[in-house]
Structures are given as structure tokens and as C-alpha cells.
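Below is query.cif, holding mmCIF, C-alpha atoms and all ligand atoms.
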```cif
data_start
#
loop_
_atom_site.group_PDB
_atom_site.id
_atom_site.type_symbol
_atom_site.label_atom_id
_atom_site.label_comp_id
_atom_site.auth_asym_id
_atom_site.auth_seq_id
_atom_site.Cartn_x
_atom_site.Cartn_y
_atom_site.Cartn_z
ATOM 1 C CA MET A 1 20.220 28.064 -15.959
ATOM 2 C CA SER A 2 22.463 28.192 -19.032
ATOM 3 C CA PHE A 3 25.062 25.586 -19.892
ATOM 4 C CA SER A 4 27.684 26.720 -22.364
ATOM 5 C CA ARG A 5 28.709 24.364 -25.126
ATOM 6 C CA PRO A 6 32.369 23.960 -26.013
ATOM 7 C CA SER A 7 32.982 24.950 -29.629
ATOM 8 C CA THR A 8 36.189 23.321 -30.862
ATOM 9 C CA PHE A 9 37.033 19.620 -30.711
ATOM 10 C CA ALA A 10 39.845 20.317 -28.230
ATOM 11 C CA ASP A 11 37.367 22.180 -26.012
ATOM 12 C CA VAL A 12 34.890 19.295 -26.178
ATOM 13 C CA VAL A 13 37.608 16.857 -25.082
ATOM 14 C CA ARG A 14 38.947 19.105 -22.326
ATOM 15 C CA HIS A 15 35.469 20.052 -21.117
ATOM 16 C CA ARG A 16 34.760 16.396 -20.269
ATOM 17 C CA ARG A 17 35.609 15.408 -16.733
ATOM 18 C CA SER A 18 33.988 13.210 -14.161
ATOM 19 C CA VAL A 19 31.145 15.128 -12.551
ATOM 20 C CA ARG A 20 29.880 13.873 -9.184
ATOM 21 C CA GLY A 21 26.898 16.092 -8.533
ATOM 22 C CA PHE A 22 24.000 16.589 -10.961
ATOM 23 C CA LEU A 23 20.850 18.670 -11.108
ATOM 24 C CA SER A 24 17.674 16.567 -11.044
ATOM 25 C CA GLN A 25 16.429 18.296 -14.220
ATOM 26 C CA PRO A 26 16.090 15.668 -16.995
ATOM 27 C CA VAL A 27 17.771 16.127 -20.376
ATOM 28 C CA PRO A 28 15.283 16.706 -23.237
ATOM 29 C CA LYS A 29 14.678 13.619 -25.364
ATOM 30 C CA ASP A 30 15.860 15.206 -28.626
ATOM 31 C CA ILE A 31 19.245 16.019 -27.076
ATOM 32 C CA LEU A 32 19.596 12.474 -25.720
ATOM 33 C CA GLU A 33 18.756 11.070 -29.133
ATOM 34 C CA ARG A 34 21.405 13.256 -30.793
ATOM 35 C CA VAL A 35 23.997 12.203 -28.244
ATOM 36 C CA PHE A 36 23.305 8.473 -28.587
ATOM 37 C CA GLU A 37 23.301 8.679 -32.353
ATOM 38 C CA LEU A 38 26.850 10.035 -32.157
ATOM 39 C CA ALA A 39 27.893 7.477 -29.529
ATOM 40 C CA GLN A 40 26.684 4.737 -31.828
ATOM 41 C CA THR A 41 29.297 5.696 -34.472
ATOM 42 C CA ALA A 42 32.067 4.178 -32.312
ATOM 43 C CA PRO A 43 34.465 1.751 -33.991
ATOM 44 C CA SER A 44 34.569 -1.908 -32.960
ATOM 45 C CA ASN A 45 36.282 -5.194 -33.822
ATOM 46 C CA CYS A 46 34.925 -6.232 -37.251
ATOM 47 C CA ASN A 47 32.122 -3.687 -36.713
ATOM 48 C CA THR A 48 30.469 -6.115 -34.289
ATOM 49 C CA GLN A 49 29.202 -3.215 -32.108
ATOM 50 C CA PRO A 50 29.156 -5.548 -29.094
ATOM 51 C CA TRP A 51 27.828 -3.030 -26.564
ATOM 52 C CA PHE A 52 24.335 -3.032 -25.167
ATOM 53 C CA CYS A 53 23.494 0.233 -23.487
ATOM 54 C CA ALA A 54 20.419 0.727 -21.289
ATOM 55 C CA LEU A 55 19.641 4.383 -20.693
ATOM 56 C CA VAL A 56 17.569 4.394 -17.538
ATOM 57 C CA SER A 57 15.478 7.351 -16.329
ATOM 58 C CA GLY A 58 12.202 7.956 -14.487
ATOM 59 C CA ASP A 59 10.580 5.371 -12.189
ATOM 60 C CA LYS A 60 12.966 2.560 -13.058
ATOM 61 C CA LEU A 61 15.926 4.748 -12.147
ATOM 62 C CA GLU A 62 14.266 5.741 -8.866
ATOM 63 C CA THR A 63 13.779 2.048 -8.072
ATOM 64 C CA LEU A 64 17.483 1.451 -8.714
ATOM 65 C CA ARG A 65 18.416 4.525 -6.670
ATOM 66 C CA GLU A 66 16.878 2.706 -3.708
ATOM 67 C CA ARG A 67 17.855 -0.851 -4.504
ATOM 68 C CA ILE A 68 21.527 -0.429 -5.440
ATOM 69 C CA PRO A 69 22.703 1.329 -2.234
ATOM 70 C CA ALA A 70 20.636 -1.141 -0.173
ATOM 71 C CA ALA A 71 22.181 -4.157 -1.943
ATOM 72 C CA PHE A 72 25.694 -2.722 -1.654
ATOM 73 C CA THR A 73 25.306 -1.963 2.051
ATOM 74 C CA ALA A 74 23.877 -5.423 2.719
ATOM 75 C CA GLY A 75 26.966 -6.963 1.079
ATOM 76 C CA GLU A 76 24.833 -8.415 -1.735
ATOM 77 C CA TRP A 77 27.446 -7.889 -4.398
ATOM 78 C CA SER A 78 27.042 -9.416 -7.845
ATOM 79 C CA MET A 79 29.911 -8.504 -10.164
ATOM 80 C CA ASP A 80 30.220 -9.950 -13.634
ATOM 81 C CA PHE A 81 33.855 -8.867 -13.974
ATOM 82 C CA SER A 82 36.266 -9.076 -11.052
ATOM 83 C CA TYR A 83 37.713 -5.863 -9.658
ATOM 84 C CA ASP A 84 39.651 -5.379 -6.451
ATOM 85 C CA GLY A 85 40.914 -1.825 -6.986
ATOM 86 C CA GLN A 86 44.366 -2.842 -5.692
ATOM 87 C CA TYR A 87 46.868 -1.053 -7.891
ATOM 88 C CA GLN A 88 50.652 -0.998 -7.447
ATOM 89 C CA GLY A 89 53.503 1.447 -8.035
ATOM 90 C CA VAL A 90 52.797 4.519 -10.134
ATOM 91 C CA TYR A 91 49.226 3.341 -10.723
ATOM 92 C CA ARG A 92 48.653 3.277 -6.982
ATOM 93 C CA GLU A 93 50.103 6.785 -6.718
ATOM 94 C CA ARG A 94 47.713 8.071 -9.376
ATOM 95 C CA GLN A 95 44.771 6.331 -7.727
ATOM 96 C CA THR A 96 45.652 7.865 -4.356
ATOM 97 C CA GLN A 97 46.163 11.298 -5.880
ATOM 98 C CA ALA A 98 42.775 11.222 -7.643
ATOM 99 C CA ALA A 99 41.017 10.145 -4.437
ATOM 100 C CA ALA A 100 42.875 12.795 -2.425
ATOM 101 C CA GLU A 101 41.749 15.493 -4.882
ATOM 102 C CA LEU A 102 38.126 14.410 -4.576
ATOM 103 C CA TYR A 103 38.226 14.276 -0.770
ATOM 104 C CA ARG A 104 39.989 17.641 -0.663
ATOM 105 C CA ALA A 105 37.212 19.115 -2.833
ATOM 106 C CA VAL A 106 34.506 17.901 -0.449
ATOM 107 C CA GLY A 107 36.536 18.824 2.651
ATOM 108 C CA ALA A 108 36.868 15.225 3.908
ATOM 109 C CA ARG A 109 40.170 14.899 5.743
ATOM 110 C CA ARG A 110 41.932 11.527 6.002
ATOM 111 C CA GLU A 111 40.617 10.893 9.524
ATOM 112 C CA ASP A 112 37.053 11.844 8.554
ATOM 113 C CA LYS A 113 36.104 8.315 7.536
ATOM 114 C CA ALA A 114 32.354 8.970 7.821
ATOM 115 C CA LEU A 115 32.403 11.853 5.340
ATOM 116 C CA ARG A 116 34.655 9.907 2.965
ATOM 117 C CA HIS A 117 32.287 6.944 3.145
ATOM 118 C CA LYS A 118 29.296 9.212 2.540
ATOM 119 C CA GLN A 119 30.982 10.627 -0.555
ATOM 120 C CA PHE A 120 31.797 7.105 -1.799
ATOM 121 C CA MET A 121 28.202 5.987 -1.245
ATOM 122 C CA ARG A 122 26.959 8.775 -3.509
ATOM 123 C CA ASN A 123 28.172 6.560 -6.382
ATOM 124 C CA PHE A 124 25.203 4.281 -5.747
ATOM 125 C CA SER A 125 22.579 7.003 -5.962
ATOM 126 C CA PHE A 126 24.169 8.198 -9.212
ATOM 127 C CA PHE A 127 25.312 11.525 -7.708
ATOM 128 C CA GLY A 128 21.734 12.732 -8.135
ATOM 129 C CA ALA A 129 21.735 12.264 -11.934
ATOM 130 C CA PRO A 130 18.382 11.951 -13.753
ATOM 131 C CA HIS A 131 19.770 9.382 -16.232
ATOM 132 C CA VAL A 132 22.191 6.474 -16.074
ATOM 133 C CA ALA A 133 23.589 4.591 -19.072
ATOM 134 C CA PHE A 134 24.355 0.997 -18.023
ATOM 135 C CA ILE A 135 26.841 -0.536 -20.424
ATOM 136 C CA PHE A 136 26.635 -4.289 -20.865
ATOM 137 C CA LEU A 137 28.893 -6.691 -22.692
ATOM 138 C CA PRO A 138 26.707 -9.611 -23.865
ATOM 139 C CA GLU A 139 28.030 -13.182 -23.719
ATOM 140 C CA PRO A 140 30.229 -14.586 -25.200
ATOM 141 C CA PHE A 141 32.264 -11.425 -25.714
ATOM 142 C CA GLY A 142 35.484 -10.852 -23.765
ATOM 143 C CA LEU A 143 38.399 -8.508 -23.298
ATOM 144 C CA ARG A 144 38.703 -7.341 -26.903
ATOM 145 C CA GLU A 145 35.056 -6.443 -27.148
ATOM 146 C CA ALA A 146 35.198 -4.743 -23.745
ATOM 147 C CA ALA A 147 37.608 -2.326 -25.455
ATOM 148 C CA ASP A 148 34.866 -1.623 -28.023
ATOM 149 C CA CYS A 149 32.499 -0.773 -25.175
ATOM 150 C CA GLY A 150 35.105 1.683 -23.888
ATOM 151 C CA MET A 151 35.142 3.359 -27.284
ATOM 152 C CA PHE A 152 31.372 3.619 -27.255
ATOM 153 C CA ALA A 153 31.469 5.118 -23.767
ATOM 154 C CA GLN A 154 34.119 7.682 -24.682
ATOM 155 C CA ASN A 155 32.099 8.664 -27.777
ATOM 156 C CA LEU A 156 29.095 9.043 -25.491
ATOM 157 C CA MET A 157 30.947 11.202 -22.962
ATOM 158 C CA LEU A 158 32.362 13.451 -25.677
ATOM 159 C CA ALA A 159 28.953 13.791 -27.352
ATOM 160 C CA LEU A 160 27.540 14.815 -23.960
ATOM 161 C CA SER A 161 30.382 17.257 -23.481
ATOM 162 C CA ALA A 162 29.655 18.820 -26.890
ATOM 163 C CA GLU A 163 26.086 19.469 -25.700
ATOM 164 C CA GLY A 164 27.321 21.107 -22.495
ATOM 165 C CA LEU A 165 26.251 18.027 -20.509
ATOM 166 C CA ALA A 166 28.151 16.174 -17.824
ATOM 167 C CA SER A 167 28.865 12.531 -17.008
ATOM 168 C CA CYS A 168 30.677 10.174 -14.674
ATOM 169 C CA PRO A 169 31.710 6.652 -15.712
ATOM 170 C CA GLN A 170 31.380 4.337 -12.693
ATOM 171 C CA THR A 171 32.806 0.898 -12.078
ATOM 172 C CA ALA A 172 30.966 1.165 -8.760
ATOM 173 C CA LEU A 173 27.697 0.689 -10.656
ATOM 174 C CA SER A 174 28.811 -2.782 -11.760
ATOM 175 C CA PHE A 175 29.130 -4.078 -8.181
ATOM 176 C CA THR A 176 25.424 -4.932 -7.998
ATOM 177 C CA ALA A 177 24.614 -6.269 -11.468
ATOM 178 C CA ASP A 178 21.743 -8.539 -10.355
ATOM 179 C CA PRO A 179 19.285 -5.849 -9.215
ATOM 180 C CA VAL A 180 20.093 -3.814 -12.333
ATOM 181 C CA ARG A 181 19.283 -6.780 -14.576
ATOM 182 C CA GLU A 182 16.189 -7.597 -12.539
ATOM 183 C CA VAL A 183 14.734 -4.084 -12.753
ATOM 184 C CA LEU A 184 15.511 -3.891 -16.483
ATOM 185 C CA GLY A 185 14.218 -7.407 -17.224
ATOM 186 C CA LEU A 186 17.543 -8.591 -18.675
ATOM 187 C CA SER A 187 18.944 -12.128 -18.592
ATOM 188 C CA GLY A 188 22.337 -13.093 -17.122
ATOM 189 C CA GLU A 189 23.816 -13.112 -20.643
ATOM 190 C CA TYR A 190 24.022 -9.331 -20.339
ATOM 191 C CA ARG A 191 27.122 -8.758 -18.254
ATOM 192 C CA LEU A 192 27.402 -5.335 -16.714
ATOM 193 C CA LEU A 193 30.721 -3.581 -17.378
ATOM 194 C CA PHE A 194 29.996 -0.201 -15.810
ATOM 195 C CA GLY A 195 27.428 2.564 -15.518
ATOM 196 C CA LEU A 196 27.604 6.186 -16.547
ATOM 197 C CA SER A 197 25.599 8.831 -14.704
ATOM 198 C CA LEU A 198 24.694 11.795 -16.883
ATOM 199 C CA GLY A 199 22.827 15.067 -16.911
ATOM 200 C CA TYR A 200 23.412 18.713 -16.072
ATOM 201 C CA GLU A 201 26.267 19.516 -13.706
ATOM 202 C CA ASP A 202 25.313 20.918 -10.308
ATOM 203 C CA ARG A 203 27.955 23.603 -10.112
ATOM 204 C CA SER A 204 27.224 24.227 -6.461
ATOM 205 C CA ASP A 205 28.306 20.686 -5.511
ATOM 206 C CA PRO A 206 31.794 20.865 -3.952
ATOM 207 C CA ALA A 207 32.685 17.455 -5.424
ATOM 208 C CA ASN A 208 32.697 19.117 -8.827
ATOM 209 C CA GLN A 209 35.682 21.235 -7.862
ATOM 210 C CA CYS A 210 37.785 18.084 -8.173
ATOM 211 C CA ARG A 211 40.383 18.178 -10.948
ATOM 212 C CA THR A 212 42.808 15.462 -11.990
ATOM 213 C CA GLU A 213 46.140 15.638 -13.755
ATOM 214 C CA ARG A 214 47.764 13.473 -16.356
ATOM 215 C CA ALA A 215 51.301 12.293 -16.920
ATOM 216 C CA GLY A 216 53.032 14.059 -19.788
ATOM 217 C CA VAL A 217 52.860 12.564 -23.263
ATOM 218 C CA GLY A 218 56.520 11.551 -22.911
ATOM 219 C CA GLU A 219 55.643 9.170 -20.066
ATOM 220 C CA ALA A 220 52.948 7.332 -21.992
ATOM 221 C CA VAL A 221 53.864 7.579 -25.641
ATOM 222 C CA VAL A 222 57.115 6.837 -27.429
ATOM 223 C CA PHE A 223 57.597 8.223 -30.901
ATOM 224 C CA TYR A 224 59.620 5.707 -32.924
ATOM 225 C CA ASP A 225 61.122 7.323 -36.038
HETATM 226 C C1 LIG B 301 35.806 2.797 -16.558
HETATM 227 C C2 LIG B 301 35.836 3.878 -15.493
HETATM 228 C C3 LIG B 301 35.301 3.610 -14.256
HETATM 229 C C4 LIG B 301 35.255 4.609 -13.273
HETATM 230 N N1 LIG B 301 34.644 4.349 -12.074
HETATM 231 C C5 LIG B 301 34.429 5.361 -11.210
HETATM 232 C C6 LIG B 301 33.616 5.148 -10.062
HETATM 233 O O1 LIG B 301 33.133 4.049 -9.783
HETATM 234 N N2 LIG B 301 33.362 6.215 -9.256
HETATM 235 C C7 LIG B 301 33.877 7.462 -9.522
HETATM 236 O O2 LIG B 301 33.594 8.391 -8.750
HETATM 237 N N3 LIG B 301 34.661 7.684 -10.599
HETATM 238 C C8 LIG B 301 34.935 6.670 -11.451
HETATM 239 N N4 LIG B 301 35.661 6.890 -12.592
HETATM 240 C C9 LIG B 301 36.179 8.240 -12.872
HETATM 241 C C10 LIG B 301 37.689 8.323 -12.693
HETATM 242 O O3 LIG B 301 37.983 8.418 -11.328
HETATM 243 C C11 LIG B 301 38.181 9.547 -13.493
HETATM 244 O O4 LIG B 301 37.957 9.323 -14.853
HETATM 245 C C12 LIG B 301 39.656 9.843 -13.276
HETATM 246 O O5 LIG B 301 39.927 10.152 -11.932
HETATM 247 C C13 LIG B 301 40.106 11.020 -14.155
HETATM 248 O O6 LIG B 301 39.320 12.168 -13.858
HETATM 249 P P1 LIG B 301 38.392 12.875 -14.939
HETATM 250 O O7 LIG B 301 37.434 11.863 -15.488
HETATM 251 O O8 LIG B 301 37.692 13.980 -14.171
HETATM 252 O O9 LIG B 301 39.283 13.417 -16.031
HETATM 253 C C14 LIG B 301 35.797 5.894 -13.545
HETATM 254 C C15 LIG B 301 36.372 6.133 -14.800
HETATM 255 C C16 LIG B 301 36.381 5.141 -15.768
HETATM 256 C C17 LIG B 301 36.979 5.445 -17.118
#
```
Translate the structure described by the file into C-alpha cells.
Amino acid sequence: MSFSRPSTFADVVRHRRSVRGFLSQPVPKDILERVFELAQTAPSNCNTQPWFCALVSGDKLETLRERIPAAFTAGEWSMDFSYDGQYQGVYRERQTQAAAELYRAVGARREDKALRHKQFMRNFSFFGAPHVAFIFLPEPFGLREAADCGMFAQNLMLALSAEGLASCPQTALSFTADPVREVLGLSGEYRLLFGLSLGYEDRSDPANQCRTERAGVGEAVVFYD
């Protein structure tokens, strides 16, 4: 199967979107190395580079693909950073719109709670991806350095996009930080911000028909002259 690579910077940026269905085919090591080398060029406060990224594949990922959904379903949540997903006003509208688009793509109507739940649960098996990048913020870093991690993650997603690869950043993967740390042999000092599933897009997965919109520049940016 061929995966076209975007050629201009604008194409690379626009090609990136959250993909929620991957082929099981792993990404060759040399491509992953190229991608992470680019991700690593991200800027950070005082060049502290406060991210720790664990790229997990193979047996360890298969262990997590079993353990994370089981822990989530059993209510064994372990979040290092609080998140209740309760947005208000325009933010709530955008959240609802994005969810509606996804459920429309997979044909899950409002009353079809079982199908919606099934789609949500796919988060915890990484949408079938062969690799997951878990992004940790080590102690004692806080909000400012979390922004640095965001820059690293965006670099990573754009580098993947430039290679014709797909990704999905997932707060959902931070709900069960303990089993992730346990499987990776990490101490509690490594606080899990989010995970990012990555690999080749499964174009036959209906979830990947989902598209989101953005507010116009005028709503988010003011040009002061
Ligand atoms: C930090 C972060 C966490 C996210 N968490 C999830 C998640 O847990 N599950 C999911 O399906 N999508 C998640 N997303 C994807 C967003 O829903 C998506 O970026 C947004 O709807 C815009 O769509 P796009 O990425 O396709 O442009 C997350 C995105 C970011 C940046």
C-alpha cells in the first residue's frame, strides 16, 4: 500500500489530523529515527527540553493493549494531572461538535450508547496502532514545561505527517498512568501527560472520515497595529 507524502509545509500541516484507525504494520526503524530527530528540535523554556518520551512497540505495547482497557473498565484510574472534560460556552460547543462529527463518521446515533462507548473504548487499545509515544513531564516541572511538551508533540505529529504517517494525541491514555509506568519500569517522578498513537492510517476505518473545523483567525487572533 502506498502512502503519499505531503510536499509543502502547508500540506504537511494540513495533512495532520487525528487518525483513529491504524494498520498493524509497524513503521520501519529508520523512519521512526528520522521523525524523532526532528521532534527533538522543539523549543523549550531555557532549552530545558523537559519532555520524556517513551516510544512503545512490540510485546510491551501488546501488554499495555490488554492492561489499559482492563484498568479503565475496572475503575482503576491513576491520573497525574486532573481532567474532567467539562467545558463551558463556546468551548463546550466545539467539544460537542467534534464528538458529533466522530460519531457521525462511525454511524453511532445519539441513542446508540453502546456503539458510542465502543468507539470511545478504542482509545485504550490505541486504535490498533503499532506504536504509542507516551509523553511524560518529569517532576518537578509544571504548567510552563507542559507547554514545552506540547511543542515537542506538535513537532512529532508534523514530522510524522511529512512522512505520510498518521497520529492521534490522546488524553485518554493518561487516565491509567500506573500500569504504563509499571510496564515501562518508570518511577512515579515521571508524570504522564498524554499518549500519542502513531502508524499508518487504515483508510477503510470509518472513524477516519471524521473532519473538524476551526474558528476563523479573526476569532482567535487580534492584530494590533
Ligand atoms: C492534548 C490532546 C489530547 C487529545 N485527546 C484525545 C483523546 O483522548 N481521544 C481522541 O480520540 N482524541 C483526542 N484528541 C484529538 C482531538 O479531539 C483533535 O485534535 C481535535 O478534535 C481536532 O481534530 P484534528 O486533530 O483531527 O484536527 C486530543 C488532542 C490533543 C491535542
Task: the PyMOL selection byres (((chain A and resi 89-103) around 7) and not hetatm) resolved against shown file, as a PyMOL selection string - done: chain A and resi 87-88+104-109+116+207+210-212
Would you save the residues from that selection as a short mmCIF file (atom, residue, chain, number, x, y, z; two decimals), keeping the file's coordinate frame, using C-alpha atoms?
```cif
data_model
loop_
_atom_site.label_atom_id
_atom_site.label_comp_id
_atom_site.auth_asym_id
_atom_site.auth_seq_id
_atom_site.Cartn_x
_atom_site.Cartn_y
_atom_site.Cartn_z
CA TYR A 87 46.87 -1.05 -7.89
CA GLN A 88 50.65 -1.00 -7.45
CA ARG A 104 39.99 17.64 -0.66
CA ALA A 105 37.21 19.11 -2.83
CA VAL A 106 34.51 17.90 -0.45
CA GLY A 107 36.54 18.82 2.65
CA ALA A 108 36.87 15.22 3.91
CA ARG A 109 40.17 14.90 5.74
CA ARG A 116 34.66 9.91 2.96
CA ALA A 207 32.68 17.45 -5.42
CA CYS A 210 37.78 18.08 -8.17
CA ARG A 211 40.38 18.18 -10.95
CA THR A 212 42.81 15.46 -11.99
#
```
TODO: Excluding region 53-60 of chain A and residues on its chain fewer than 5 positions from it, collect all residues at most 9 Å away from it, counting only C-alpha atoms, and give them as a ChimeraX atom specification.
DONE: /A:26,65,130-137,183-184
Open item on the list: Can you translate the PyMOL selection byres (((chain A and resi 146-159) around 10) and not hetatm) into the concrete residues it hits in this file, as a ChimeraX atom specification?
Closed with: /A:9,12-18,31-32,34-45,47-53,133,135-138,141-145,160-169,193-196,198
Could the residues in this selection be written to a file with C-alpha atoms, as a PDB file, in the coordinates of the input?
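Saved result, out_38.pdb, follows:
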```
ATOM      1  CA  PHE A   9      37.033  19.620 -30.711  1.00  0.00           C
ATOM      2  CA  VAL A  12      34.890  19.295 -26.178  1.00  0.00           C
ATOM      3  CA  VAL A  13      37.608  16.857 -25.082  1.00  0.00           C
ATOM      4  CA  ARG A  14      38.947  19.105 -22.326  1.00  0.00           C
ATOM      5  CA  HIS A  15      35.469  20.052 -21.117  1.00  0.00           C
ATOM      6  CA  ARG A  16      34.760  16.396 -20.269  1.00  0.00           C
ATOM      7  CA  ARG A  17      35.609  15.408 -16.733  1.00  0.00           C
ATOM      8  CA  SER A  18      33.988  13.210 -14.161  1.00  0.00           C
ATOM      9  CA  ILE A  31      19.245  16.019 -27.076  1.00  0.00           C
ATOM     10  CA  LEU A  32      19.596  12.474 -25.720  1.00  0.00           C
ATOM     11  CA  ARG A  34      21.405  13.256 -30.793  1.00  0.00           C
ATOM     12  CA  VAL A  35      23.997  12.203 -28.244  1.00  0.00           C
ATOM     13  CA  PHE A  36      23.305   8.473 -28.587  1.00  0.00           C
ATOM     14  CA  GLU A  37      23.301   8.679 -32.353  1.00  0.00           C
ATOM     15  CA  LEU A  38      26.850  10.035 -32.157  1.00  0.00           C
ATOM     16  CA  ALA A  39      27.893   7.477 -29.529  1.00  0.00           C
ATOM     17  CA  GLN A  40      26.684   4.737 -31.828  1.00  0.00           C
ATOM     18  CA  THR A  41      29.297   5.696 -34.472  1.00  0.00           C
ATOM     19  CA  ALA A  42      32.067   4.178 -32.312  1.00  0.00           C
ATOM     20  CA  PRO A  43      34.465   1.751 -33.991  1.00  0.00           C
ATOM     21  CA  SER A  44      34.569  -1.908 -32.960  1.00  0.00           C
ATOM     22  CA  ASN A  45      36.282  -5.194 -33.822  1.00  0.00           C
ATOM     23  CA  ASN A  47      32.122  -3.687 -36.713  1.00  0.00           C
ATOM     24  CA  THR A  48      30.469  -6.115 -34.289  1.00  0.00           C
ATOM     25  CA  GLN A  49      29.202  -3.215 -32.108  1.00  0.00           C
ATOM     26  CA  PRO A  50      29.156  -5.548 -29.094  1.00  0.00           C
ATOM     27  CA  TRP A  51      27.828  -3.030 -26.564  1.00  0.00           C
ATOM     28  CA  PHE A  52      24.335  -3.032 -25.167  1.00  0.00           C
ATOM     29  CA  CYS A  53      23.494   0.233 -23.487  1.00  0.00           C
ATOM     30  CA  ALA A 133      23.589   4.591 -19.072  1.00  0.00           C
ATOM     31  CA  ILE A 135      26.841  -0.536 -20.424  1.00  0.00           C
ATOM     32  CA  PHE A 136      26.635  -4.289 -20.865  1.00  0.00           C
ATOM     33  CA  LEU A 137      28.893  -6.691 -22.692  1.00  0.00           C
ATOM     34  CA  PRO A 138      26.707  -9.611 -23.865  1.00  0.00           C
ATOM     35  CA  PHE A 141      32.264 -11.425 -25.714  1.00  0.00           C
ATOM     36  CA  GLY A 142      35.484 -10.852 -23.765  1.00  0.00           C
ATOM     37  CA  LEU A 143      38.399  -8.508 -23.298  1.00  0.00           C
ATOM     38  CA  ARG A 144      38.703  -7.341 -26.903  1.00  0.00           C
ATOM     39  CA  GLU A 145      35.056  -6.443 -27.148  1.00  0.00           C
ATOM     40  CA  LEU A 160      27.540  14.815 -23.960  1.00  0.00           C
ATOM     41  CA  SER A 161      30.382  17.257 -23.481  1.00  0.00           C
ATOM     42  CA  ALA A 162      29.655  18.820 -26.890  1.00  0.00           C
ATOM     43  CA  GLU A 163      26.086  19.469 -25.700  1.00  0.00           C
ATOM     44  CA  GLY A 164      27.321  21.107 -22.495  1.00  0.00           C
ATOM     45  CA  LEU A 165      26.251  18.027 -20.509  1.00  0.00           C
ATOM     46  CA  ALA A 166      28.151  16.174 -17.824  1.00  0.00           C
ATOM     47  CA  SER A 167      28.865  12.531 -17.008  1.00  0.00           C
ATOM     48  CA  CYS A 168      30.677  10.174 -14.674  1.00  0.00           C
ATOM     49  CA  PRO A 169      31.710   6.652 -15.712  1.00  0.00           C
ATOM     50  CA  LEU A 193      30.721  -3.581 -17.378  1.00  0.00           C
ATOM     51  CA  PHE A 194      29.996  -0.201 -15.810  1.00  0.00           C
ATOM     52  CA  GLY A 195      27.428   2.564 -15.518  1.00  0.00           C
ATOM     53  CA  LEU A 196      27.604   6.186 -16.547  1.00  0.00           C
ATOM     54  CA  LEU A 198      24.694  11.795 -16.883  1.00  0.00           C
TER      55      LEU A 198
END
```
Task: Interatomic distance (Å, one decimal) between CA of Met121 (chain A) and CA of Asp178 (chain A) - done: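 It comes out at 18.3 Å.
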Task: From A:Gln209, A:Gln119, A:Gln170, A:Thr176, residue lying nearest ligand LIG 301 (chain B) [only C-alpha atoms and all ligand atoms] - done: A:Gln170
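Among the candidate residues A:Asn123, A:Gln86, A:Ser187, A:Ser204, the one lying nearest to ligand LIG 301 (chain B) is A:Asn123, with distances computed using only C-alpha atoms and all ligand atoms.
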Open item on the list: What does the structure give for the distance between CA of Leu115 (chain A) and CA of Phe127 (chain A), in Å to one decimal?
Closed with: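 Spanning CA of Leu115 (chain A) to CA of Phe127 (chain A) is a straight-line distance of 14.9 Å.
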- [ ] Would you translate the PyMOL selection byres (((chain A and resi 125) around 9) and not hetatm) into the concrete set of residues it matches in this file, as a list in words?
- [x] Glu62, Leu64, Arg65, Glu66, Ile68, Pro69, Met121, Arg122, Asn123, Phe124, Phe126, Phe127, Gly128 and Ala129 of chain A
Task: Nearest residue to ligand LIG 301 (chain B) from the set A:Val222, A:Val180, A:Val27, A:Val19 (distances using only C-alpha atoms and all ligand atoms) - done: A:Val19
TODO: Determine the nearest neighbour of Asp80 (chain A) from the options A:Leu192, A:Ser197, A:Arg203, A:Phe223, counting only C-alpha atoms.
DONE: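 So, comparing all the options, the nearest one is A:Leu192.
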Can you sort out the box for ligand LIG 301 (chain B), edges along x, y and z, all listed atoms in, 6 Å on every side, with centre and edge lengths in Å to one decimal, as lines of an AutoDock Vina configuration file?
```
center_x = 36.6
center_y = 8.4
center_z = -12.9
size_x = 19.0
size_y = 23.2
size_z = 20.4
```
Task: Atom-to-atom span, CA of Thr171 (chain A) and atom C10 of ligand LIG 301 (chain B), Å - done: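 Going from CA of Thr171 (chain A) over to atom C10 of ligand LIG 301 (chain B), I get 8.9 Å.
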- [ ] Point out the residue among A:Phe175, A:Pro140, A:Thr8, A:Pro28 with the least atom-to-atom distance to Gly75 (chain A), counting all atoms listed in the file.
- [x]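 Of the candidates, the smallest distance to Gly75 (chain A) is held by A:Phe175.
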Task: Closest of A:Lys29, A:Ser174, A:Asp84, A:Phe22 to ligand LIG 301 (chain B) - atom-to-atom distances counting all atoms listed in the file - done: A:Ser174
